[in-house]
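**Q** The file below is run_39.cif, mmCIF, C-alpha atoms:
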```
data_data
loop_
_atom_site.label_atom_id
_atom_site.label_comp_id
_atom_site.auth_asym_id
_atom_site.auth_seq_id
_atom_site.Cartn_x
_atom_site.Cartn_y
_atom_site.Cartn_z
CA MET A 1 81.95 89.82 100.66
CA SER A 2 84.92 87.51 100.22
CA ALA A 3 87.18 90.19 101.73
CA TYR A 4 85.82 91.61 104.96
CA PHE A 5 86.75 95.16 105.90
CA SER A 6 86.42 96.89 109.26
CA VAL A 7 87.28 100.47 110.23
CA HIS A 8 89.15 101.15 113.50
CA HIS A 9 90.15 104.83 113.67
CA ARG A 10 89.27 107.98 111.72
CA LEU A 11 90.90 111.32 111.02
CA PRO A 12 88.54 113.88 112.58
CA GLY A 13 86.68 115.85 109.93
CA ARG A 14 88.38 114.01 107.07
CA LEU A 15 88.06 110.78 105.11
CA GLY A 16 91.24 109.10 106.34
CA ARG A 17 90.94 105.98 108.50
CA THR A 18 92.65 102.84 109.67
CA GLY A 19 91.17 99.40 109.23
CA THR A 20 91.66 95.72 108.48
CA ILE A 21 91.03 93.79 105.27
CA ARG A 22 90.64 90.08 105.95
CA THR A 23 91.58 87.72 103.12
CA PRO A 24 91.99 83.93 102.86
CA HIS A 25 95.78 84.39 103.07
CA GLY A 26 95.93 86.82 105.99
CA ASP A 27 94.90 90.23 107.24
CA ILE A 28 96.02 93.56 105.80
CA GLU A 29 96.21 96.43 108.28
CA THR A 30 95.31 99.65 106.50
CA PRO A 31 96.41 102.09 105.30
CA ALA A 32 98.95 99.81 103.62
CA PHE A 33 101.45 100.09 100.80
CA ILE A 34 101.29 97.08 98.46
CA PRO A 35 104.65 96.52 96.68
CA VAL A 36 104.46 95.57 93.01
CA GLY A 37 105.76 92.22 91.80
CA THR A 38 104.78 92.67 88.16
CA ARG A 39 105.78 89.25 86.86
CA ALA A 40 105.29 87.35 90.14
CA THR A 41 108.46 88.80 91.60
CA VAL A 42 109.58 92.06 93.14
CA LYS A 43 112.63 92.46 90.95
CA SER A 44 115.89 91.28 92.57
CA VAL A 45 114.29 90.54 95.99
CA LEU A 46 113.31 87.19 97.53
CA PRO A 47 109.73 86.82 98.84
CA GLU A 48 111.16 86.09 102.28
CA SER A 49 112.94 89.45 102.22
CA MET A 50 109.70 91.20 101.30
CA SER A 51 108.03 89.56 104.27
CA ASP A 52 110.91 90.51 106.57
CA LEU A 53 110.72 94.17 105.55
CA GLY A 54 107.03 94.29 106.47
CA ALA A 55 105.19 93.97 103.15
CA GLN A 56 101.66 92.76 103.89
CA ALA A 57 100.68 91.86 100.31
CA ILE A 58 102.11 91.81 96.79
CA LEU A 59 100.44 93.02 93.58
CA ALA A 60 101.16 91.27 90.27
CA ASN A 61 100.12 92.10 86.72
CA ALA A 62 97.53 89.99 84.90
CA TYR A 63 98.63 91.20 81.45
CA HIS A 64 102.26 90.22 81.92
CA LEU A 65 101.52 86.86 83.59
CA TYR A 66 99.01 85.99 80.87
CA LEU A 67 101.73 86.46 78.25
CA GLN A 68 104.44 84.73 80.26
CA PRO A 69 104.42 82.10 81.76
CA GLY A 70 100.65 81.83 81.17
CA ASP A 71 97.79 81.97 83.66
CA ASP A 72 97.00 78.27 83.04
CA LEU A 73 100.42 77.25 84.37
CA ILE A 74 99.99 79.42 87.47
CA TYR A 75 96.58 77.82 88.05
CA GLU A 76 98.19 74.36 87.89
CA ALA A 77 100.84 75.53 90.38
CA GLY A 78 98.13 76.36 92.93
CA GLY A 79 97.75 80.05 92.23
CA LEU A 80 99.95 83.12 92.29
CA GLY A 81 101.03 82.89 95.92
CA ALA A 82 102.08 79.26 95.67
CA PHE A 83 103.80 79.83 92.33
CA MET A 84 105.96 82.70 93.63
CA ASN A 85 106.36 81.29 97.16
CA TRP A 86 104.57 84.25 98.76
CA ARG A 87 102.43 83.15 101.70
CA GLY A 88 100.56 86.42 102.28
CA PRO A 89 97.70 88.12 100.44
CA THR A 90 98.03 88.89 96.74
CA PHE A 91 96.45 91.40 94.34
CA THR A 92 96.31 91.32 90.54
CA ASP A 93 95.37 94.24 88.34
CA SER A 94 93.17 93.65 85.30
CA GLY A 95 95.42 94.75 82.45
CA GLY A 96 93.53 98.01 81.96
CA PHE A 97 96.59 100.13 82.63
CA GLN A 98 98.49 98.29 79.90
CA VAL A 99 95.74 99.29 77.48
CA MET A 100 96.73 102.89 78.12
CA SER A 101 100.50 102.51 78.32
CA LEU A 102 100.79 100.22 75.28
CA GLY A 103 98.09 101.95 73.28
CA ALA A 104 99.38 105.48 73.64
CA GLY A 105 103.02 104.84 74.48
CA PHE A 106 103.09 106.96 77.63
CA LYS A 107 105.50 106.57 80.49
CA LYS A 108 104.25 104.29 83.24
CA VAL A 109 103.16 107.05 85.59
CA LEU A 110 99.81 108.14 86.90
CA SER A 111 100.52 111.85 87.19
CA MET A 112 100.41 113.84 83.95
CA ASP A 113 100.16 117.44 82.79
CA SER A 114 96.75 118.31 81.36
CA SER A 115 98.15 121.45 79.69
CA THR A 116 99.43 119.21 76.89
CA ALA A 117 95.95 117.81 76.11
CA ARG A 118 95.20 118.11 72.42
CA HIS A 119 93.34 115.18 70.87
CA ASP A 120 92.35 111.55 71.33
CA ASP A 121 94.50 109.63 68.88
CA VAL A 122 97.85 110.47 70.46
CA ILE A 123 100.85 108.24 69.83
CA ALA A 124 104.19 108.97 71.42
CA ALA A 125 106.83 109.94 68.89
CA GLY A 126 108.38 106.92 67.21
CA LYS A 127 106.17 104.36 69.00
CA GLU A 128 103.67 102.01 67.42
CA ARG A 129 100.19 101.82 68.91
CA LEU A 130 100.04 98.28 70.28
CA ALA A 131 96.48 98.25 71.61
CA HIS A 132 93.14 99.13 70.03
CA VAL A 133 89.99 99.61 72.11
CA ASP A 134 86.41 98.94 71.05
CA ASP A 135 83.19 98.62 73.04
CA ASP A 136 83.60 94.86 73.49
CA GLY A 137 87.25 94.78 74.60
CA VAL A 138 90.84 95.38 73.51
CA THR A 139 92.95 93.85 70.76
CA PHE A 140 96.66 94.16 71.38
CA LYS A 141 100.03 93.05 70.10
CA SER A 142 102.37 91.29 72.52
CA HIS A 143 105.42 93.36 73.35
CA ILE A 144 107.31 90.06 73.65
CA ASP A 145 106.83 88.39 70.26
CA GLY A 146 104.36 90.51 68.31
CA SER A 147 101.54 87.97 68.52
CA MET A 148 97.97 89.27 68.60
CA HIS A 149 95.68 88.85 71.63
CA ARG A 150 92.22 89.89 72.77
CA PHE A 151 91.13 91.01 76.25
CA THR A 152 87.47 91.35 77.15
CA PRO A 153 85.96 91.73 80.63
CA GLU A 154 85.22 88.00 80.62
CA GLU A 155 88.77 87.12 79.56
CA SER A 156 90.26 89.36 82.24
CA MET A 157 88.11 87.63 84.87
CA ARG A 158 89.11 84.19 83.56
CA ILE A 159 92.80 85.08 83.72
CA GLN A 160 92.56 86.57 87.20
CA HIS A 161 90.59 83.61 88.51
CA ASN A 162 93.34 81.34 87.19
CA LEU A 163 95.95 83.51 88.90
CA GLY A 164 93.95 83.17 92.12
CA ALA A 165 94.84 86.44 93.86
CA ASP A 166 92.90 87.44 96.97
CA VAL A 167 91.96 90.80 95.42
CA ILE A 168 91.29 91.19 91.69
CA PHE A 169 90.15 94.20 89.69
CA ALA A 170 87.45 94.73 87.08
CA PHE A 171 88.64 95.32 83.52
CA ASP A 172 88.60 99.01 82.66
CA GLU A 173 89.92 101.48 80.13
CA CYS A 174 92.53 103.73 81.70
CA THR A 175 92.46 107.03 79.84
CA THR A 176 95.07 109.78 79.87
CA LEU A 177 94.87 113.52 80.40
CA LEU A 178 95.58 113.88 76.68
CA ASN A 179 92.10 112.56 75.91
CA THR A 180 89.31 115.07 75.33
CA ARG A 181 86.26 115.48 77.54
CA GLY A 182 84.14 113.75 74.90
CA TYR A 183 86.40 110.72 74.84
CA GLN A 184 86.46 110.57 78.65
CA GLU A 185 82.66 110.41 78.66
CA ARG A 186 82.56 107.62 76.07
CA SER A 187 85.30 105.72 77.84
CA LEU A 188 83.44 105.97 81.15
CA GLU A 189 80.34 104.43 79.59
CA ARG A 190 82.49 101.63 78.23
CA THR A 191 84.18 101.01 81.60
CA HIS A 192 80.79 100.87 83.35
CA ALA A 193 79.48 98.35 80.84
CA TRP A 194 82.62 96.28 81.30
CA ALA A 195 82.24 96.46 85.10
CA LYS A 196 78.76 94.91 84.89
CA ARG A 197 80.11 92.11 82.70
CA CYS A 198 82.98 91.53 85.13
CA VAL A 199 80.57 91.10 88.06
CA VAL A 200 78.51 88.54 86.14
CA GLU A 201 81.55 86.56 84.99
CA HIS A 202 83.23 86.74 88.40
CA GLU A 203 80.15 85.29 90.08
CA ARG A 204 79.91 82.54 87.45
CA LEU A 205 83.56 81.54 87.83
CA ALA A 206 83.40 81.71 91.63
CA ALA A 207 80.46 79.29 91.62
CA GLU A 208 82.49 76.87 89.47
CA ARG A 209 85.64 77.05 91.59
CA THR A 210 84.48 76.57 95.15
CA HIS A 211 87.55 74.36 95.73
CA ARG A 212 89.77 77.49 95.54
CA PRO A 213 89.93 80.35 98.10
CA ALA A 214 87.38 83.12 97.56
CA GLN A 215 88.50 86.22 95.66
CA ALA A 216 87.37 89.81 96.25
CA LEU A 217 86.48 91.78 93.12
CA PHE A 218 87.15 95.53 93.16
CA GLY A 219 85.46 97.89 90.69
CA ILE A 220 87.52 100.75 89.26
CA VAL A 221 86.47 104.41 89.23
CA GLN A 222 87.71 106.45 86.27
CA GLY A 223 86.80 109.98 85.12
CA ALA A 224 90.18 111.73 84.81
CA GLN A 225 90.20 115.26 86.31
CA TYR A 226 86.47 116.00 85.91
CA GLU A 227 84.50 116.22 89.16
CA ASP A 228 81.12 115.34 87.64
CA LEU A 229 82.56 112.32 85.83
CA ARG A 230 84.42 111.07 88.89
CA ARG A 231 81.40 111.41 91.16
CA THR A 232 79.06 109.81 88.64
CA ALA A 233 81.49 106.96 88.05
CA ALA A 234 81.87 106.39 91.80
CA ARG A 235 78.11 106.26 92.32
CA ASP A 236 77.63 103.89 89.39
CA ILE A 237 80.41 101.53 90.47
CA ALA A 238 79.19 101.66 94.09
CA SER A 239 75.76 100.47 92.97
CA MET A 240 77.24 97.21 91.68
CA ASP A 241 78.08 94.15 93.74
CA PHE A 242 81.78 94.85 94.29
CA ASP A 243 83.79 93.91 97.39
CA GLY A 244 85.88 97.06 97.22
CA PHE A 245 86.97 99.79 94.85
CA GLY A 246 89.97 100.95 92.89
CA ILE A 247 90.63 104.58 91.98
CA GLY A 248 92.36 104.65 88.60
CA GLY A 249 93.19 106.88 85.71
CA ALA A 250 95.65 109.64 85.04
CA LEU A 251 95.51 112.78 87.15
CA GLU A 252 97.64 115.78 87.94
CA LYS A 253 99.71 115.48 91.08
CA THR A 254 98.44 118.82 92.35
CA GLU A 255 94.84 117.53 92.11
CA LEU A 256 95.43 114.16 93.76
CA GLY A 257 93.77 114.93 97.10
CA THR A 258 90.82 116.70 95.51
CA ILE A 259 90.07 113.86 93.09
CA VAL A 260 90.48 111.12 95.70
CA SER A 261 88.12 113.01 98.03
CA TRP A 262 85.49 113.40 95.27
CA VAL A 263 85.50 109.66 94.72
CA ASN A 264 85.57 108.60 98.36
CA GLU A 265 82.76 110.96 99.31
CA GLU A 266 80.57 108.91 96.95
CA LEU A 267 81.82 105.38 97.73
CA PRO A 268 80.36 103.35 100.62
CA ASP A 269 82.25 103.67 103.87
CA ASP A 270 82.25 99.97 104.73
CA LYS A 271 84.36 98.74 101.79
CA PRO A 272 88.10 99.21 101.11
CA ARG A 273 89.47 101.65 98.54
CA HIS A 274 92.67 101.07 96.58
CA LEU A 275 94.48 103.90 94.80
CA LEU A 276 96.39 102.57 91.80
CA GLY A 277 99.91 103.82 91.07
CA ILE A 278 100.86 106.09 94.00
CA GLY A 279 104.15 105.83 95.91
CA GLU A 280 105.82 109.22 96.58
CA PRO A 281 105.85 110.27 100.26
CA ASP A 282 103.81 113.47 99.85
CA ASP A 283 101.27 111.61 97.69
CA LEU A 284 100.89 108.93 100.37
CA PHE A 285 99.95 111.46 103.05
CA THR A 286 97.53 113.18 100.67
CA ALA A 287 95.89 109.94 99.53
CA ILE A 288 95.51 108.59 103.05
CA GLU A 289 94.07 111.83 104.40
CA ASN A 290 91.44 111.69 101.67
CA GLY A 291 90.36 108.12 102.31
CA ALA A 292 92.63 105.74 100.40
CA ASP A 293 93.17 102.47 102.29
CA THR A 294 95.74 100.72 100.09
CA PHE A 295 97.90 101.70 97.13
CA ASP A 296 100.59 100.22 94.91
CA CYS A 297 103.47 101.67 92.94
CA VAL A 298 106.55 100.36 91.10
CA SER A 299 108.57 103.49 91.88
CA ALA A 300 110.38 102.23 95.00
CA SER A 301 111.90 99.23 93.23
CA ARG A 302 112.35 100.90 89.84
CA VAL A 303 114.42 103.83 91.10
CA ALA A 304 116.39 101.51 93.39
CA ARG A 305 117.80 99.64 90.40
CA SER A 306 119.52 102.81 89.23
CA GLY A 307 120.94 103.63 92.66
CA ARG A 308 118.35 106.15 93.81
CA VAL A 309 117.46 105.58 97.45
CA PHE A 310 115.13 107.16 100.00
CA GLY A 311 116.43 108.88 103.13
CA ARG A 312 114.96 111.10 105.86
CA ASP A 313 116.38 114.13 104.05
CA GLY A 314 115.05 113.14 100.65
CA ARG A 315 115.94 110.83 97.81
CA PHE A 316 119.53 110.75 96.57
CA ASN A 317 121.72 108.73 94.23
CA VAL A 318 124.18 106.45 95.99
CA VAL A 319 126.18 106.11 92.76
CA THR A 320 127.47 109.70 92.91
CA ALA A 321 130.94 110.51 94.18
CA ARG A 322 129.79 111.74 97.59
CA SER A 323 128.95 108.15 98.61
CA ARG A 324 132.24 106.58 97.45
CA ARG A 325 133.94 106.75 100.86
CA ASP A 326 130.87 107.17 103.07
CA LEU A 327 130.81 104.28 105.54
CA SER A 328 127.47 105.23 107.08
CA PRO A 329 124.25 103.42 106.14
CA ILE A 330 121.73 104.90 103.73
CA ASP A 331 119.63 105.99 106.71
CA GLU A 332 120.88 105.61 110.27
CA THR A 333 117.30 105.38 111.59
CA CYS A 334 116.25 102.65 109.13
CA ASP A 335 115.89 99.10 110.45
CA CYS A 336 116.06 97.33 107.07
CA TYR A 337 118.55 94.55 106.31
CA THR A 338 120.56 96.82 104.03
CA CYS A 339 120.98 99.64 106.53
CA ARG A 340 121.82 97.22 109.35
CA ASN A 341 124.60 95.54 107.36
CA TYR A 342 125.93 97.71 104.54
CA SER A 343 127.33 101.19 103.99
CA ARG A 344 126.72 103.75 101.29
CA ALA A 345 130.28 103.10 100.16
CA TYR A 346 129.53 99.41 99.62
CA LEU A 347 126.41 100.17 97.60
CA HIS A 348 128.37 102.73 95.57
CA HIS A 349 130.98 100.05 94.85
CA ALA A 350 128.36 97.43 93.97
CA PHE A 351 126.60 99.72 91.50
CA LYS A 352 129.85 100.92 89.95
CA THR A 353 130.97 97.32 89.34
CA ASN A 354 127.51 96.23 88.12
CA GLU A 355 127.13 93.62 90.85
CA MET A 356 123.60 92.18 91.02
CA ILE A 357 123.56 92.62 94.80
CA SER A 358 123.37 96.39 94.26
CA ALA A 359 119.77 96.23 93.03
CA THR A 360 118.82 93.78 95.77
CA LEU A 361 120.15 95.91 98.62
CA ALA A 362 118.78 99.19 97.27
CA THR A 363 115.35 97.68 96.61
CA ILE A 364 115.14 96.17 100.09
CA HIS A 365 115.82 99.59 101.58
CA ASN A 366 113.42 101.52 99.36
CA GLU A 367 110.56 99.09 99.85
CA ARG A 368 111.11 99.10 103.61
CA PHE A 369 111.25 102.89 103.65
CA ILE A 370 107.83 103.23 102.02
CA VAL A 371 106.24 100.33 103.91
CA ARG A 372 107.50 101.74 107.20
CA LEU A 373 106.33 105.25 106.34
CA VAL A 374 102.79 104.03 105.72
CA ASP A 375 102.92 101.95 108.90
CA ASP A 376 103.93 105.09 110.81
CA ILE A 377 101.10 107.05 109.17
CA ARG A 378 98.67 104.35 110.32
CA VAL A 379 99.95 104.67 113.88
CA SER A 380 99.70 108.47 113.72
CA ILE A 381 96.02 108.26 112.75
CA ALA A 382 95.37 105.89 115.65
CA ASP A 383 97.12 108.07 118.24
CA GLY A 384 95.94 111.45 116.92
CA THR A 385 99.32 112.78 115.72
CA PHE A 386 98.79 112.60 111.94
CA ASP A 387 99.12 116.33 111.21
CA ALA A 388 102.21 116.77 113.36
CA PHE A 389 103.85 113.69 111.86
CA ARG A 390 103.10 114.83 108.31
CA GLU A 391 104.53 118.29 108.94
CA GLU A 392 107.67 116.91 110.54
CA PHE A 393 108.32 114.16 107.97
CA LEU A 394 107.58 116.13 104.80
CA GLY A 395 109.31 119.23 106.12
CA ARG A 396 112.53 117.29 106.48
CA TYR A 397 112.15 115.08 103.38
CA TYR A 398 111.46 117.94 100.99
CA GLY A 399 113.23 120.63 103.00
#
```
Once more with this new file: its structure as structure tokens, please.

**A**
Amino acid sequence: MSAYFSVHHRLPGRLGRTGTIRTPHGDIETPAFIPVGTRATVKSVLPESMSDLGAQAILANAYHLYLQPGDDLIYEAGGLGAFMNWRGPTFTDSGGFQVMSLGAGFKKVLSMDSSTARHDDVIAAGKERLAHVDDDGVTFKSHIDGSMHRFTPEESMRIQHNLGADVIFAFDECTTLLNTRGYQERSLERTHAWAKRCVVEHERLAAERTHRPAQALFGIVQGAQYEDLRRTAARDIASMDFDGFGIGGALEKTELGTIVSWVNEELPDDKPRHLLGIGEPDDLFTAIENGADTFDCVSASRVARSGRVFGRDGRFNVVTARSRRDLSPIDETCDCYTCRNYSRAYLHHAFKTNEMISATLATIHNERFIVRLVDDIRVSIADGTFDAFREEFLGRYYG
């Protein structure tokens, strides 16, 4: 394994645990929230600020970096971390999620409502299907200039090796809850075939590039909301030579814990598990309790740019009138740069006048809030107070 994982503490009778992932660019103490820097930047925030607020690693997007500025340029720059001036561990996803979001035009969320499931060839109203899947790969149209491109498992591996992240993911097809059971089964077969090809190509490229730091390859478990498909997928992916595992695909929020537990009951205990696309406080507790070690989500930074910020008593919008003359910080217990130096009134002013600093300050706070929450959850597992901490935190946040 190029990324070594060790377990330290466990939740009695459950799948949750703490641990350490060791990478060439530093250790990641788990469970850990991995902020998303889609295009080699967490929007509006300097890498130094991300480090100061406690982020242990950053996840970037292979699809977007392939299109712009190009993975070959990032390779010449010394890899993703060097290019974006981030000295810690990095992750890149494979582009599989973009297959779903571009192909079907859905919002960029993991949680969906299966009650709307009807058929396989669903296109959101008024949106062109930009990606077409076949058994060999995906042909897609660039959202930037309309040019045509082709992703295969081998191409995804080539791109991610050029990007040079510490943790990379196998190329997969991310289905939606709108797809039928029959399509889910066919898609799972395709994803498994692609996973095998990714392992072969990853090993070939790693042997050619011994002058670069080793990269850990994670296989992705799909299967939507079906227990038999999820468990079968987990067993099949676990049988391959992966360094860790990603849990992907659309699922209903109410079924999050159940689905994560199905998968993690089948996966080996001695390798890390990453849950793709989770970032709400209640989801974090649920995912961790059921064995997720790391997770990423764009939500914290995305909502920050519209003035929505996290507080102990829930999320609120600092742009509303109630914050206009409020000279208190967003959260008096928060130790982030924003809360130590600025008031709600200042953020209200900055957003109302469209000052760029508004997004920076709100994003710093939101990212710190989620990073700190997961850090506190990790401590609560270690000291045996997880259940009490969850009840207290969620009771106040959603109360």

**Q** Using all atoms listed in the file for the distances, tell me which of A:Arg212, A:Lys141, A:His25, A:Lys43 is nearest to A:Gln56.

**A** A:His25

**Q** Hey, what comes out of the PyMOL selection byres ((chain A and resi 312-327) around 12) on this file? Could you write it as a PyMOL selection string?

**A** chain A and resi 280-282+299-300+303-311+328-334+339+341-354+358-359+361-362+365-366+369-370+373+392-399

**Q** Could you tell me, as a short mmCIF file (atom, residue, chain, number, x, y, z; two decimals) with C-alpha atoms, in the coordinates of the input, exactly which residues end up selected when the PyMOL selection byres ((chain A and resi 168) around 7) is applied to this structure?

**A**
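Written output follows (selection.cif):
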```
data_model
loop_
_atom_site.label_atom_id
_atom_site.label_comp_id
_atom_site.auth_asym_id
_atom_site.auth_seq_id
_atom_site.Cartn_x
_atom_site.Cartn_y
_atom_site.Cartn_z
CA PHE A 91 96.45 91.40 94.34
CA THR A 92 96.31 91.32 90.54
CA ASP A 93 95.37 94.24 88.34
CA GLN A 160 92.56 86.57 87.20
CA ALA A 165 94.84 86.44 93.86
CA ASP A 166 92.90 87.44 96.97
CA VAL A 167 91.96 90.80 95.42
CA PHE A 169 90.15 94.20 89.69
CA ALA A 170 87.45 94.73 87.08
CA GLN A 215 88.50 86.22 95.66
CA ALA A 216 87.37 89.81 96.25
CA LEU A 217 86.48 91.78 93.12
CA PHE A 218 87.15 95.53 93.16
#
```

**Q** For atom CA of A:Trp262 and atom CA of A:Ile377, quote the distance in Å rounded to one decimal.

**A** 21.8 Å

**Q** Could you check the closest approach to A:Ile364 for each of A:Ser51, A:Thr175, A:Asn61, A:Asn85 and tell me which residue wins, using all atoms listed in the file?

**A**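 Of the candidates, the smallest distance to A:Ile364 is held by A:Ser51.
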
**Q** Can you translate the PyMOL selection byres ((chain A and resi 23) around 7) into the concrete residues it hits in this file, as a VMD selection string?

**A** chain A and resid 3 21 to 22 24 to 27 89 166

**Q** Please produce an output containing C-alpha atoms for each residue in the selection, written as an mmCIF file, in the coordinates of the input.

**A**
```cif
data_model
loop_
_atom_site.group_PDB
_atom_site.id
_atom_site.type_symbol
_atom_site.label_atom_id
_atom_site.label_comp_id
_atom_site.auth_asym_id
_atom_site.auth_seq_id
_atom_site.Cartn_x
_atom_site.Cartn_y
_atom_site.Cartn_z
ATOM 1 C CA ALA A 3 87.180 90.190 101.730
ATOM 2 C CA ILE A 21 91.030 93.790 105.270
ATOM 3 C CA ARG A 22 90.640 90.080 105.950
ATOM 4 C CA PRO A 24 91.990 83.930 102.860
ATOM 5 C CA HIS A 25 95.780 84.390 103.070
ATOM 6 C CA GLY A 26 95.930 86.820 105.990
ATOM 7 C CA ASP A 27 94.900 90.230 107.240
ATOM 8 C CA PRO A 89 97.700 88.120 100.440
ATOM 9 C CA ASP A 166 92.900 87.440 96.970
#
```

**Q** Report the distance between atom CA of A:Ala32 and atom CA of A:Leu188 in Å, rounded to one decimal place.

**A**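 The value is 28.0 Å.
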
**Q** Kindly indicate which residue among A:Leu15, A:Thr191, A:Leu46, A:Ala60 lies nearest to A:Glu266, using all atoms listed in the file for the distances.

**A**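 For A:Glu266, the nearest of the given residues is A:Leu15.
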
**Q** Tell me which of A:Ile159, A:Leu229, A:Ile28, A:Ile144 sits closest to A:Tyr183, counting all atoms listed in the file.

**A** A:Leu229

**Q** Identify which of the residues A:Gly182, A:Gly37, A:Gly79, A:Pro153 lies closest to A:Gly95, counting all atoms listed in the file when measuring atom-to-atom distances.

**A** A:Pro153

**Q** Hey, what's within 6 Å of stretch 234-248 of chain A if we count only C-alpha atoms and toss same-chain stuff fewer than 3 positions away? As a PDB file with C-alpha atoms, in the coordinates of the input, please?

**A**
```
ATOM      1  CA  MET A   1      81.950  89.820 100.660  1.00  0.00           C
ATOM      2  CA  ALA A 216      87.370  89.810  96.250  1.00  0.00           C
ATOM      3  CA  LEU A 217      86.480  91.780  93.120  1.00  0.00           C
ATOM      4  CA  PHE A 218      87.150  95.530  93.160  1.00  0.00           C
ATOM      5  CA  GLY A 219      85.460  97.890  90.690  1.00  0.00           C
ATOM      6  CA  ILE A 220      87.520 100.750  89.260  1.00  0.00           C
ATOM      7  CA  VAL A 221      86.470 104.410  89.230  1.00  0.00           C
ATOM      8  CA  GLN A 222      87.710 106.450  86.270  1.00  0.00           C
ATOM      9  CA  ARG A 231      81.400 111.410  91.160  1.00  0.00           C
ATOM     10  CA  VAL A 263      85.500 109.660  94.720  1.00  0.00           C
ATOM     11  CA  GLU A 266      80.570 108.910  96.950  1.00  0.00           C
ATOM     12  CA  LEU A 267      81.820 105.380  97.730  1.00  0.00           C
ATOM     13  CA  LYS A 271      84.360  98.740 101.790  1.00  0.00           C
ATOM     14  CA  PRO A 272      88.100  99.210 101.110  1.00  0.00           C
ATOM     15  CA  ARG A 273      89.470 101.650  98.540  1.00  0.00           C
ATOM     16  CA  HIS A 274      92.670 101.070  96.580  1.00  0.00           C
ATOM     17  CA  LEU A 275      94.480 103.900  94.800  1.00  0.00           C
ATOM     18  CA  LEU A 276      96.390 102.570  91.800  1.00  0.00           C
TER      19      LEU A 276
END
```

**Q** Do you know which residues lie at most 12 Å from (109.9, 88.1, 100.3), with coordinates as in the file and only C-alpha atoms counted, and could you write them as a ChimeraX atom specification?

**A** /A:35-37,40-58,81,84-88,360,363-364,367-368

**Q** One decimal, in Å: what's the spacing between atom CA of A:Ala292 and atom CA of A:Ile34?

**A**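 So the answer is 12.4 Å.
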
**Q** I need the residue nearest A:Gly137 from this list: A:Glu208, A:Asp172, A:Glu185, A:Asp296. Use all atoms listed in the file for the distance.

**A** A:Asp172

**Q** Give me the residues within 8 Å of A:Ile74 as a PDB file with C-alpha atoms, keeping the file's coordinate frame, counting only C-alpha atoms and dropping any in the same chain fewer than 4 places off.

**A**
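Ended up saving to part_11.pdb:
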```pdb
ATOM      1  CA  PRO A  69     104.420  82.100  81.760  1.00  0.00           C
ATOM      2  CA  GLY A  70     100.650  81.830  81.170  1.00  0.00           C
ATOM      3  CA  GLY A  78      98.130  76.360  92.930  1.00  0.00           C
ATOM      4  CA  GLY A  79      97.750  80.050  92.230  1.00  0.00           C
ATOM      5  CA  LEU A  80      99.950  83.120  92.290  1.00  0.00           C
ATOM      6  CA  PHE A  83     103.800  79.830  92.330  1.00  0.00           C
ATOM      7  CA  ASN A 162      93.340  81.340  87.190  1.00  0.00           C
ATOM      8  CA  LEU A 163      95.950  83.510  88.900  1.00  0.00           C
TER       9      LEU A 163
END
```
